[in-house]
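Heads up, query_32.csv below (CSV, C-alpha atoms (C1' of nucleotides)):
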```
chain,number,residue,atom,x,y,z
A,504,MET,CA,-12.9,-25.7,-32.9
A,505,PRO,CA,-14.4,-22.6,-34.4
A,506,SER,CA,-17.0,-22.3,-31.7
A,507,SER,CA,-14.3,-22.1,-29.1
A,508,ARG,CA,-12.7,-19.2,-31.0
A,509,GLU,CA,-16.0,-17.4,-31.2
A,510,GLN,CA,-16.5,-17.9,-27.5
A,511,PHE,CA,-13.1,-16.3,-26.9
A,512,LYS,CA,-14.0,-13.3,-29.0
A,513,VAL,CA,-17.1,-12.8,-27.0
A,514,LEU,CA,-15.2,-13.1,-23.8
A,515,LEU,CA,-12.7,-10.5,-24.9
A,516,ARG,CA,-15.4,-8.2,-26.1
A,517,THR,CA,-17.5,-8.4,-22.9
A,518,ASN,CA,-14.3,-7.6,-20.9
A,519,GLY,CA,-13.6,-4.5,-23.0
A,520,LEU,CA,-10.5,-6.1,-24.5
A,521,LYS,CA,-9.6,-6.0,-28.2
A,522,ILE,CA,-9.6,-9.0,-30.4
A,523,THR,CA,-6.2,-9.4,-32.1
A,524,ASN,CA,-4.7,-12.0,-34.3
A,525,GLN,CA,-1.9,-12.6,-31.8
A,526,ARG,CA,-4.3,-13.4,-29.0
A,527,ILE,CA,-6.3,-15.8,-31.1
A,528,ALA,CA,-3.2,-17.5,-32.4
A,529,ILE,CA,-1.7,-18.0,-29.0
A,530,LEU,CA,-5.0,-19.4,-27.6
A,531,GLU,CA,-5.1,-21.8,-30.6
A,532,VAL,CA,-1.6,-23.1,-30.0
A,533,LEU,CA,-2.7,-24.1,-26.6
A,534,SER,CA,-6.2,-25.3,-27.6
A,535,ASN,CA,-4.7,-27.6,-30.3
A,536,ARG,CA,-2.5,-29.3,-27.7
A,537,PRO,CA,-4.7,-30.3,-24.8
A,538,GLY,CA,-2.8,-32.1,-22.1
A,539,LYS,CA,0.5,-30.6,-23.3
A,540,HIS,CA,2.3,-28.5,-20.8
A,541,LEU,CA,4.0,-25.8,-22.8
A,542,THR,CA,6.6,-23.2,-21.6
A,543,ALA,CA,6.3,-19.6,-22.7
A,544,GLU,CA,9.3,-20.2,-25.0
A,545,GLU,CA,7.6,-23.3,-26.6
A,546,ILE,CA,4.4,-21.3,-27.2
A,547,TYR,CA,6.5,-18.6,-28.8
A,548,GLU,CA,8.1,-21.1,-31.1
A,549,TYR,CA,4.7,-22.6,-32.2
A,550,VAL,CA,3.1,-19.2,-32.7
A,551,ARG,CA,6.0,-18.0,-34.8
A,552,GLU,CA,5.4,-20.8,-37.3
A,553,GLU,CA,2.3,-19.0,-38.5
A,554,HIS,CA,3.1,-15.5,-37.2
A,555,PRO,CA,6.8,-14.9,-37.5
A,556,GLU,CA,6.5,-11.2,-36.5
A,557,ILE,CA,5.1,-11.9,-33.1
A,558,GLY,CA,7.1,-10.8,-30.0
A,559,LEU,CA,8.0,-12.8,-27.0
A,560,ALA,CA,6.6,-10.1,-24.7
A,561,THR,CA,3.2,-10.5,-26.4
A,562,VAL,CA,3.3,-14.2,-25.6
A,563,TYR,CA,3.9,-13.4,-21.9
A,564,ARG,CA,1.3,-10.7,-21.8
A,565,THR,CA,-1.3,-13.0,-23.5
A,566,ILE,CA,-0.5,-15.9,-21.2
A,567,LEU,CA,-1.2,-13.6,-18.3
A,568,LEU,CA,-4.5,-12.6,-19.9
A,569,LEU,CA,-5.6,-16.1,-20.7
A,570,SER,CA,-4.7,-17.1,-17.1
A,571,GLU,CA,-6.8,-14.3,-15.7
A,572,LEU,CA,-9.7,-15.3,-17.9
A,573,ASN,CA,-9.3,-18.9,-16.6
A,574,LEU,CA,-8.8,-20.2,-20.1
A,575,ILE,CA,-5.5,-21.8,-19.2
A,576,ASP,CA,-3.9,-23.4,-16.2
A,577,LYS,CA,-0.5,-22.7,-14.8
A,578,LEU,CA,1.8,-25.5,-13.7
A,579,ASN,CA,5.1,-25.0,-12.0
A,580,LEU,CA,7.3,-28.1,-11.8
A,581,GLY,CA,10.2,-26.2,-10.2
A,582,ASP,CA,12.5,-26.8,-13.1
A,583,GLY,CA,12.9,-23.1,-13.9
A,584,TYR,CA,10.0,-23.0,-16.4
A,585,VAL,CA,6.4,-22.1,-15.8
A,586,ARG,CA,4.2,-24.3,-18.0
A,587,TYR,CA,0.7,-23.7,-19.3
A,588,GLU,CA,-2.0,-25.9,-20.6
A,589,ILE,CA,-5.5,-25.3,-21.9
A,590,SER,CA,-7.9,-25.4,-19.0
A,591,ALA,CA,-9.6,-28.8,-18.6
A,592,LYS,CA,-12.9,-27.1,-18.6
A,593,ARG,CA,-12.3,-26.1,-22.3
A,594,HIS,CA,-12.0,-29.6,-23.7
A,595,GLU,CA,-13.5,-32.0,-21.3
A,596,GLU,CA,-17.1,-32.8,-20.3
A,597,ASN,CA,-16.7,-32.6,-16.6
A,598,SER,CA,-15.0,-29.6,-15.1
A,599,HIS,CA,-13.0,-31.5,-12.5
A,600,HIS,CA,-9.6,-30.4,-11.6
A,601,HIS,CA,-7.0,-32.9,-12.6
A,602,HIS,CA,-3.7,-33.7,-10.9
A,603,HIS,CA,-0.3,-34.4,-12.3
A,604,LEU,CA,2.0,-37.4,-12.2
A,605,ILE,CA,5.5,-36.4,-13.0
A,606,CYS,CA,8.0,-39.1,-14.0
A,607,LEU,CA,11.4,-38.4,-12.4
A,608,GLU,CA,13.2,-40.3,-15.2
A,609,CYS,CA,11.7,-39.3,-18.5
A,610,GLY,CA,10.0,-36.1,-17.4
A,611,ASN,CA,6.7,-37.0,-18.9
A,612,ILE,CA,3.6,-35.6,-17.2
A,613,TYR,CA,0.5,-37.7,-16.8
A,614,ALA,CA,-2.9,-36.3,-15.7
A,615,PHE,CA,-5.4,-38.1,-13.6
A,616,GLN,CA,-8.7,-37.2,-12.1
A,617,ASP,CA,-9.7,-37.7,-8.5
A,618,ASP,CA,-12.1,-36.0,-6.3
A,619,LEU,CA,-10.6,-37.3,-3.0
A,620,LEU,CA,-9.6,-33.8,-2.1
A,621,GLU,CA,-13.2,-32.7,-1.7
A,622,ASN,CA,-13.6,-34.6,1.5
A,623,LEU,CA,-10.4,-33.2,2.8
A,624,GLU,CA,-11.3,-29.7,1.9
A,625,ALA,CA,-14.5,-30.0,3.9
A,626,LYS,CA,-12.5,-31.4,6.8
A,627,ILE,CA,-10.1,-28.5,6.7
A,628,LYS,CA,-12.9,-26.0,6.6
A,629,ASP,CA,-14.5,-27.6,9.7
A,630,THR,CA,-11.3,-28.0,11.8
A,631,LEU,CA,-9.2,-25.0,10.8
A,632,GLY,CA,-11.7,-22.6,9.4
A,633,PHE,CA,-9.6,-22.4,6.2
A,634,GLU,CA,-11.7,-22.1,3.1
A,635,VAL,CA,-10.0,-23.9,0.1
A,636,MET,CA,-10.6,-22.2,-3.2
A,637,ASP,CA,-8.1,-24.1,-5.4
A,638,HIS,CA,-5.5,-26.8,-5.1
A,639,GLU,CA,-2.5,-28.1,-6.9
A,640,VAL,CA,-1.3,-31.7,-6.4
A,641,LYS,CA,1.9,-33.1,-7.9
A,642,LEU,CA,3.0,-36.6,-7.5
A,643,TYR,CA,6.6,-37.5,-8.4
A,644,GLY,CA,7.7,-41.0,-9.2
A,645,HIS,CA,8.5,-43.5,-12.0
A,646,CYS,CA,6.1,-44.1,-14.8
A,647,LYS,CA,5.2,-47.6,-16.1
A,648,LYS,CA,7.2,-47.1,-19.3
A,649,CYS,CA,10.4,-46.3,-17.4
A,650,ILE,CA,9.8,-49.1,-14.9
A,651,ASP,CA,9.3,-51.6,-17.8
A,652,LYS,CA,12.3,-50.4,-19.6
A,653,LYS,CA,14.5,-50.8,-16.6
A,654,SER,CA,13.3,-54.4,-15.9
A,655,GLU,CA,14.1,-55.3,-19.5
A,656,GLU,CA,17.7,-54.1,-19.1
A,657,ILE,CA,18.4,-56.4,-16.2
B,461,MET,CA,19.7,-28.4,19.8
B,462,PRO,CA,23.3,-29.3,20.2
B,463,SER,CA,22.6,-33.0,19.3
B,464,SER,CA,21.1,-32.0,16.0
B,465,ARG,CA,24.4,-30.1,15.3
B,466,GLU,CA,26.5,-33.1,16.1
B,467,GLN,CA,24.3,-35.3,13.9
B,468,PHE,CA,24.9,-32.8,11.1
B,469,LYS,CA,28.6,-33.0,11.6
B,470,VAL,CA,28.6,-36.8,11.5
B,471,LEU,CA,26.4,-36.6,8.3
B,472,LEU,CA,28.9,-34.3,6.6
B,473,ARG,CA,31.9,-36.4,7.7
B,474,THR,CA,30.4,-39.7,6.5
B,475,ASN,CA,29.7,-38.1,3.2
B,476,GLY,CA,33.2,-36.9,2.8
B,477,LEU,CA,32.2,-33.3,3.1
B,478,LYS,CA,34.0,-30.7,5.2
B,479,ILE,CA,32.5,-29.2,8.3
B,480,THR,CA,32.5,-25.4,8.0
B,481,ASN,CA,31.1,-22.7,10.2
B,482,GLN,CA,29.1,-21.4,7.2
B,483,ARG,CA,27.3,-24.7,6.8
B,484,ILE,CA,26.5,-25.0,10.5
B,485,ALA,CA,25.3,-21.4,10.7
B,486,ILE,CA,23.0,-21.8,7.7
B,487,LEU,CA,21.5,-25.1,9.0
B,488,GLU,CA,20.9,-23.4,12.4
B,489,VAL,CA,19.1,-20.5,10.8
B,490,LEU,CA,16.6,-23.0,9.4
B,491,SER,CA,16.6,-25.3,12.5
B,492,ASN,CA,15.7,-22.4,14.8
B,493,ARG,CA,12.7,-21.5,12.6
B,494,PRO,CA,10.7,-24.7,12.1
B,495,GLY,CA,7.6,-24.1,10.0
B,496,LYS,CA,9.0,-20.9,8.5
B,497,HIS,CA,9.4,-20.9,4.8
B,498,LEU,CA,12.4,-18.8,4.1
B,499,THR,CA,13.7,-17.6,0.7
B,500,ALA,CA,17.5,-17.8,0.0
B,501,GLU,CA,17.7,-14.0,0.4
B,502,GLU,CA,16.0,-14.2,3.9
B,503,ILE,CA,18.4,-17.0,5.0
B,504,TYR,CA,21.2,-14.8,3.7
B,505,GLU,CA,20.0,-11.9,5.8
B,506,TYR,CA,19.7,-14.0,9.0
B,507,VAL,CA,23.1,-15.7,8.6
B,508,ARG,CA,24.7,-12.3,8.1
B,509,GLU,CA,23.6,-11.2,11.5
B,510,GLU,CA,26.2,-13.6,13.0
B,511,HIS,CA,28.5,-14.0,10.0
B,512,PRO,CA,28.6,-10.8,8.0
B,513,GLU,CA,31.4,-12.0,5.8
B,514,ILE,CA,29.3,-14.9,4.3
B,515,GLY,CA,28.6,-14.8,0.6
B,516,LEU,CA,25.2,-15.3,-1.1
B,517,ALA,CA,26.6,-18.0,-3.3
B,518,THR,CA,27.6,-20.0,-0.3
B,519,VAL,CA,24.0,-19.8,0.9
B,520,TYR,CA,22.7,-21.1,-2.4
B,521,ARG,CA,25.4,-23.9,-2.4
B,522,THR,CA,24.6,-24.9,1.2
B,523,ILE,CA,20.8,-24.9,0.5
B,524,LEU,CA,21.5,-27.3,-2.3
B,525,LEU,CA,23.6,-29.5,-0.1
B,526,LEU,CA,21.1,-29.6,2.8
B,527,SER,CA,18.4,-30.4,0.3
B,528,GLU,CA,20.4,-33.3,-1.1
B,529,LEU,CA,20.9,-34.6,2.4
B,530,ASN,CA,17.2,-34.3,3.0
B,531,LEU,CA,17.6,-32.0,5.9
B,532,ILE,CA,15.4,-29.3,4.4
B,533,ASP,CA,12.4,-29.3,2.2
B,534,LYS,CA,11.8,-27.1,-0.9
B,535,LEU,CA,8.6,-25.2,-1.4
B,536,ASN,CA,7.7,-23.4,-4.6
B,537,LEU,CA,4.7,-21.1,-4.4
B,538,GLY,CA,5.2,-19.8,-7.9
B,539,ASP,CA,5.8,-16.2,-6.7
B,540,GLY,CA,9.4,-16.0,-8.0
B,541,TYR,CA,11.0,-17.3,-4.9
B,542,VAL,CA,11.9,-20.8,-3.9
B,543,ARG,CA,11.4,-21.3,-0.2
B,544,TYR,CA,13.0,-23.7,2.3
B,545,GLU,CA,12.1,-25.1,5.7
B,546,ILE,CA,13.7,-27.5,8.0
B,547,SER,CA,12.5,-31.0,7.2
B,548,ALA,CA,9.6,-32.1,9.4
B,549,LYS,CA,11.6,-35.3,10.2
B,550,ARG,CA,14.1,-33.1,12.0
B,551,HIS,CA,11.7,-31.6,14.6
B,552,GLU,CA,8.7,-33.8,14.8
B,553,GLU,CA,8.0,-37.3,16.2
B,554,ASN,CA,6.4,-38.8,13.1
B,555,SER,CA,8.0,-38.5,9.8
B,556,HIS,CA,4.8,-37.9,7.8
B,557,HIS,CA,4.8,-35.5,5.0
B,558,HIS,CA,2.8,-32.4,5.6
B,559,HIS,CA,0.9,-30.3,3.1
B,560,HIS,CA,0.5,-26.6,2.8
B,561,LEU,CA,-2.4,-24.2,3.0
B,562,ILE,CA,-1.6,-20.9,1.4
B,563,CYS,CA,-3.8,-17.9,2.2
B,564,LEU,CA,-4.5,-15.9,-0.9
B,565,GLU,CA,-5.1,-12.7,1.1
B,566,CYS,CA,-2.4,-12.5,3.8
B,567,GLY,CA,0.1,-14.9,2.2
B,568,ASN,CA,0.5,-16.9,5.4
B,569,ILE,CA,1.3,-20.6,5.0
B,570,TYR,CA,-0.2,-23.2,7.3
B,571,ALA,CA,0.8,-26.8,7.5
B,572,PHE,CA,-1.4,-29.8,8.0
B,573,GLN,CA,-0.9,-33.5,8.2
B,574,ASP,CA,-2.9,-36.0,6.3
B,575,ASP,CA,-2.2,-39.4,5.0
B,576,LEU,CA,-5.1,-39.6,2.6
B,577,LEU,CA,-2.7,-39.7,-0.3
B,578,GLU,CA,-1.5,-43.1,0.7
B,579,ASN,CA,-4.6,-44.8,-0.5
B,580,LEU,CA,-4.5,-42.8,-3.7
B,581,GLU,CA,-0.9,-43.7,-4.4
B,582,ALA,CA,-1.8,-47.4,-4.1
B,583,LYS,CA,-4.6,-46.9,-6.5
B,584,ILE,CA,-2.4,-45.2,-9.0
B,585,LYS,CA,0.1,-48.0,-8.8
B,586,ASP,CA,-2.6,-50.5,-9.6
B,587,THR,CA,-4.4,-48.7,-12.3
B,588,LEU,CA,-1.6,-46.8,-14.1
B,589,GLY,CA,1.5,-48.6,-13.1
B,590,PHE,CA,3.0,-45.3,-11.9
B,591,GLU,CA,5.1,-45.6,-8.8
B,592,VAL,CA,4.8,-42.5,-6.6
B,593,MET,CA,7.9,-41.6,-4.7
B,594,ASP,CA,7.1,-38.1,-3.4
B,595,HIS,CA,4.3,-35.7,-3.5
B,596,GLU,CA,3.5,-32.0,-3.1
B,597,VAL,CA,0.1,-30.7,-2.2
B,598,LYS,CA,-0.8,-27.0,-2.1
B,599,LEU,CA,-4.2,-25.7,-1.2
B,600,TYR,CA,-5.0,-22.1,-1.9
B,601,GLY,CA,-7.8,-20.2,-0.2
B,602,HIS,CA,-8.7,-17.9,2.6
B,603,CYS,CA,-7.5,-18.5,6.2
B,604,LYS,CA,-9.7,-18.1,9.3
B,605,LYS,CA,-8.1,-14.9,10.3
B,606,CYS,CA,-8.8,-13.2,7.0
B,607,ILE,CA,-12.3,-14.5,6.8
B,608,ASP,CA,-13.0,-13.2,10.3
B,609,LYS,CA,-11.5,-9.9,9.6
B,610,LYS,CA,-13.6,-9.5,6.5
B,611,SER,CA,-16.8,-10.3,8.4
B,612,GLU,CA,-16.0,-7.7,11.0
B,613,GLU,CA,-15.7,-5.0,8.4
B,614,ILE,CA,-19.2,-5.5,7.0
C,525,DT,C1',-15.5,4.1,-45.6
C,526,DT,C1',-12.7,7.2,-43.2
C,527,DG,C1',-11.0,9.3,-39.1
C,528,DT,C1',-10.0,9.4,-34.2
C,529,DG,C1',-8.9,7.6,-29.7
C,530,DT,C1',-7.0,4.1,-27.2
C,531,DA,C1',-5.5,-0.5,-26.3
C,532,DT,C1',-2.0,-3.6,-28.0
C,533,DT,C1',2.2,-4.7,-30.1
C,534,DG,C1',7.4,-5.4,-31.1
C,535,DT,C1',11.8,-4.1,-29.8
C,536,DT,C1',15.1,-3.6,-26.5
C,537,DA,C1',16.7,-3.0,-22.2
C,538,DA,C1',16.1,-3.9,-17.4
C,539,DC,C1',15.1,-7.0,-13.6
C,540,DC,C1',15.7,-10.6,-10.4
C,541,DT,C1',16.9,-14.9,-8.7
C,542,DT,C1',20.2,-18.3,-9.2
C,543,DT,C1',24.5,-20.3,-11.0
C,544,DC,C1',29.4,-20.1,-12.6
C,545,DG,C1',34.5,-19.1,-12.7
C,546,DC,C1',38.3,-18.5,-10.3
C,547,DA,C1',41.7,-17.1,-7.0
C,548,DT,C1',41.9,-17.5,-2.1
C,549,DC,C1',41.3,-19.9,2.1
C,550,DA,C1',40.8,-23.4,5.5
C,551,DA,C1',39.5,-28.2,6.9
C,552,DA,C1',41.3,-32.9,6.9
C,553,DA,C1',45.0,-36.2,6.1
C,554,DC,C1',49.7,-37.3,6.3
D,144,DG,C1',53.8,-28.5,10.0
D,145,DT,C1',53.0,-29.5,5.3
D,146,DT,C1',50.2,-30.9,1.8
D,147,DT,C1',46.1,-31.8,-0.4
D,148,DT,C1',41.7,-30.8,-1.7
D,149,DG,C1',37.3,-29.2,-1.0
D,150,DA,C1',34.8,-24.8,0.3
D,151,DT,C1',34.4,-19.9,0.2
D,152,DG,C1',33.7,-15.0,-1.5
D,153,DC,C1',33.5,-12.0,-5.0
D,154,DG,C1',32.0,-10.6,-9.2
D,155,DA,C1',30.2,-11.6,-13.5
D,156,DA,C1',27.0,-14.3,-16.2
D,157,DA,C1',23.0,-16.8,-17.2
D,158,DG,C1',18.2,-17.4,-18.0
D,159,DG,C1',13.3,-16.5,-17.6
D,160,DT,C1',10.2,-12.8,-17.1
D,161,DT,C1',8.7,-7.9,-17.0
D,162,DA,C1',8.9,-2.8,-18.1
D,163,DA,C1',9.3,1.3,-21.2
D,164,DC,C1',8.1,3.4,-25.1
D,165,DA,C1',7.2,4.6,-29.7
D,166,DA,C1',4.7,2.5,-33.5
D,167,DT,C1',0.7,0.0,-34.8
D,168,DA,C1',-4.0,-1.7,-35.4
D,169,DC,C1',-8.5,-2.5,-33.4
D,170,DA,C1',-13.1,-0.4,-32.2
D,171,DC,C1',-16.4,2.8,-32.8
D,172,DA,C1',-18.6,6.7,-34.5
D,173,DA,C1',-19.5,9.9,-38.2
```

Go ahead and express the file in the form of structure tokens.
Amino acid sequence: MPSSREQFKVLLRTNGLKITNQRIAILEVLSNRPGKHLTAEEIYEYVREEHPEIGLATVYRTILLLSELNLIDKLNLGDGYVRYEISAKRHEENSHHHHHLICLECGNIYAFQDDLLENLEAKIKDTLGFEVMDHEVKLYGHCKKCIDKKSEEI
Amino acid sequence: MPSSREQFKVLLRTNGLKITNQRIAILEVLSNRPGKHLTAEEIYEYVREEHPEIGLATVYRTILLLSELNLIDKLNLGDGYVRYEISAKRHEENSHHHHHLICLECGNIYAFQDDLLENLEAKIKDTLGFEVMDHEVKLYGHCKKCIDKKSEEI
DNA sequence: TTGTGTATTGTTAACCTTTCGCATCAAAAC
DNA sequence: GTTTTGATGCGAAAGGTTAACAATACACAA
């Protein structure tokens, strides 16, 4: 997506930030893998394929930058790694937040859309006066593939 | 709650685990603070008030144990600390899972109950074949106290 | 283009939470 | 009381992430 790359350059420029090959390369690693939840180390490995001279610290610094620009989303599964994916807004028509289904057996992560939280957030605002800005929903369980595999074994 | 302590002893015994002062002390630190979300370091500090000889490793080992026995719940806010609280089942009548409201300004954590996810989980099972076992919902925003404080300043 | 100022980078070390290894200790069983 | 075996405490190590700092390269103006 060359247009996405141009948008990124504009975004950097308008924020007084410099356009560097490293920043473009890192954003592209994530852009080219929508729905993938990459750790910093994985991003580092992918970027090194094209830019072997890049440093791990630059990956971390750029991740932080992209996160602040809302170009990527953070996902913490509590397994010791923080994961990142290109923001849904970048590659989908609607800008709905999506939630995550995490399989306890194979570790795969599935996304699904649902706006059921919007009702809830309105209710919370009314009853508690708490104004929700963002949310994170993680559902843990067993995916269809693993359930099917297990029933075959029996 | 002496009965809770006796229940804990029975639970340890029936699992072939030894009853130690350290384990009881750590559970009590959490039991005495329902709704508080303590880091391992904080638990360590509280336990040391009564048992100065205790080691940090024991705190971590006991936290793991209590977590496996479902006596405490884990909460990861992504701020570099894993937090723990006594399981709602231990001090509330109903055994409903509760969710967390996290204030982005003061950092306070509020709990709320809602079973809206049960419908959703049934829907996910039907449409995707994914069987949800557990869930974690975190809502980030601004709490009433902080909103009020800000409006006073203006 | 070329030069200059400044943000960015790469390297390495430091940080911080959590886990491991192992000798010692104490709870449970005999 | 003795034995057995799991639990503890200490210190070191692990592992992901951040900081320090000199070197580099981008942006901008001449």

Residues near stretch 545-557 of chain A, cut-off 8 Å, only C-alpha atoms (C1' of nucleotides), skip fewer than 6 positions along chain, as number ranges by chain: A: 525, 528-529, 532-533; C: 534

Write out the residues from the selection above, keeping C-alpha atoms (C1' of nucleotides), as a PDB file, in the coordinates of the input.
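Result file is out02.pdb:
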```pdb
ATOM      1  CA  GLN A 525      -1.900 -12.600 -31.800  1.00  0.00           C
ATOM      2  CA  ALA A 528      -3.200 -17.500 -32.400  1.00  0.00           C
ATOM      3  CA  ILE A 529      -1.700 -18.000 -29.000  1.00  0.00           C
ATOM      4  CA  VAL A 532      -1.600 -23.100 -30.000  1.00  0.00           C
ATOM      5  CA  LEU A 533      -2.700 -24.100 -26.600  1.00  0.00           C
TER       6      LEU A 533
ATOM      7  C1'  DG C 534       7.400  -5.400 -31.100  1.00  0.00           C
TER       8       DG C 534
END
```

Contact set, chain C to chain A: 9 Å, all atoms listed in the file, as a PyMOL selection string: chain C and resi 531-535

Output file for the residues above (C-alpha atoms (C1' of nucleotides), as a PDB file, in the frame of the given file):
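To be explicit, this is the file written out as result.pdb:
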```pdb
ATOM      1  C1'  DA C 531      -5.500  -0.500 -26.300  1.00  0.00           C
ATOM      2  C1'  DT C 532      -2.000  -3.600 -28.000  1.00  0.00           C
ATOM      3  C1'  DT C 533       2.200  -4.700 -30.100  1.00  0.00           C
ATOM      4  C1'  DG C 534       7.400  -5.400 -31.100  1.00  0.00           C
ATOM      5  C1'  DT C 535      11.800  -4.100 -29.800  1.00  0.00           C
TER       6       DT C 535
END
```

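Atom pair atom CA of B:Ile569 / atom C1' of C:DC539 has a distance of 26.9 Å (rounded to one decimal).
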
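One distance worth recording is that between atom C1' of D:DA157 and atom CA of A:Asp582, which is 15.1 Å.
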
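Taking all atoms listed in the file into account, chain B lies nearest to D:DG152 out of the set D:DG152, D:DA173, D:DT160, D:DT146.
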
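Here atom CA of A:Leu574 is placed at a distance of 19.4 Å from atom CA of A:Val640.
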
Residues of chain B within 10 Å of chain A, only C-alpha atoms counted, as a PyMOL selection string: chain B and resi 534-538+540+542+559-564+570+572+574+576-577+579-581+584-585+588-608

Saved selection, atoms kept: C-alpha atoms, as a PDB file, in the coordinates of the input:
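Result file is out.pdb:
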```pdb
ATOM      1  CA  LYS B 534      11.800 -27.100  -0.900  1.00  0.00           C
ATOM      2  CA  LEU B 535       8.600 -25.200  -1.400  1.00  0.00           C
ATOM      3  CA  ASN B 536       7.700 -23.400  -4.600  1.00  0.00           C
ATOM      4  CA  LEU B 537       4.700 -21.100  -4.400  1.00  0.00           C
ATOM      5  CA  GLY B 538       5.200 -19.800  -7.900  1.00  0.00           C
ATOM      6  CA  GLY B 540       9.400 -16.000  -8.000  1.00  0.00           C
ATOM      7  CA  VAL B 542      11.900 -20.800  -3.900  1.00  0.00           C
ATOM      8  CA  HIS B 559       0.900 -30.300   3.100  1.00  0.00           C
ATOM      9  CA  HIS B 560       0.500 -26.600   2.800  1.00  0.00           C
ATOM     10  CA  LEU B 561      -2.400 -24.200   3.000  1.00  0.00           C
ATOM     11  CA  ILE B 562      -1.600 -20.900   1.400  1.00  0.00           C
ATOM     12  CA  CYS B 563      -3.800 -17.900   2.200  1.00  0.00           C
ATOM     13  CA  LEU B 564      -4.500 -15.900  -0.900  1.00  0.00           C
ATOM     14  CA  TYR B 570      -0.200 -23.200   7.300  1.00  0.00           C
ATOM     15  CA  PHE B 572      -1.400 -29.800   8.000  1.00  0.00           C
ATOM     16  CA  ASP B 574      -2.900 -36.000   6.300  1.00  0.00           C
ATOM     17  CA  LEU B 576      -5.100 -39.600   2.600  1.00  0.00           C
ATOM     18  CA  LEU B 577      -2.700 -39.700  -0.300  1.00  0.00           C
ATOM     19  CA  ASN B 579      -4.600 -44.800  -0.500  1.00  0.00           C
ATOM     20  CA  LEU B 580      -4.500 -42.800  -3.700  1.00  0.00           C
ATOM     21  CA  GLU B 581      -0.900 -43.700  -4.400  1.00  0.00           C
ATOM     22  CA  ILE B 584      -2.400 -45.200  -9.000  1.00  0.00           C
ATOM     23  CA  LYS B 585       0.100 -48.000  -8.800  1.00  0.00           C
ATOM     24  CA  LEU B 588      -1.600 -46.800 -14.100  1.00  0.00           C
ATOM     25  CA  GLY B 589       1.500 -48.600 -13.100  1.00  0.00           C
ATOM     26  CA  PHE B 590       3.000 -45.300 -11.900  1.00  0.00           C
ATOM     27  CA  GLU B 591       5.100 -45.600  -8.800  1.00  0.00           C
ATOM     28  CA  VAL B 592       4.800 -42.500  -6.600  1.00  0.00           C
ATOM     29  CA  MET B 593       7.900 -41.600  -4.700  1.00  0.00           C
ATOM     30  CA  ASP B 594       7.100 -38.100  -3.400  1.00  0.00           C
ATOM     31  CA  HIS B 595       4.300 -35.700  -3.500  1.00  0.00           C
ATOM     32  CA  GLU B 596       3.500 -32.000  -3.100  1.00  0.00           C
ATOM     33  CA  VAL B 597       0.100 -30.700  -2.200  1.00  0.00           C
ATOM     34  CA  LYS B 598      -0.800 -27.000  -2.100  1.00  0.00           C
ATOM     35  CA  LEU B 599      -4.200 -25.700  -1.200  1.00  0.00           C
ATOM     36  CA  TYR B 600      -5.000 -22.100  -1.900  1.00  0.00           C
ATOM     37  CA  GLY B 601      -7.800 -20.200  -0.200  1.00  0.00           C
ATOM     38  CA  HIS B 602      -8.700 -17.900   2.600  1.00  0.00           C
ATOM     39  CA  CYS B 603      -7.500 -18.500   6.200  1.00  0.00           C
ATOM     40  CA  LYS B 604      -9.700 -18.100   9.300  1.00  0.00           C
ATOM     41  CA  LYS B 605      -8.100 -14.900  10.300  1.00  0.00           C
ATOM     42  CA  CYS B 606      -8.800 -13.200   7.000  1.00  0.00           C
ATOM     43  CA  ILE B 607     -12.300 -14.500   6.800  1.00  0.00           C
ATOM     44  CA  ASP B 608     -13.000 -13.200  10.300  1.00  0.00           C
TER      45      ASP B 608
END
```
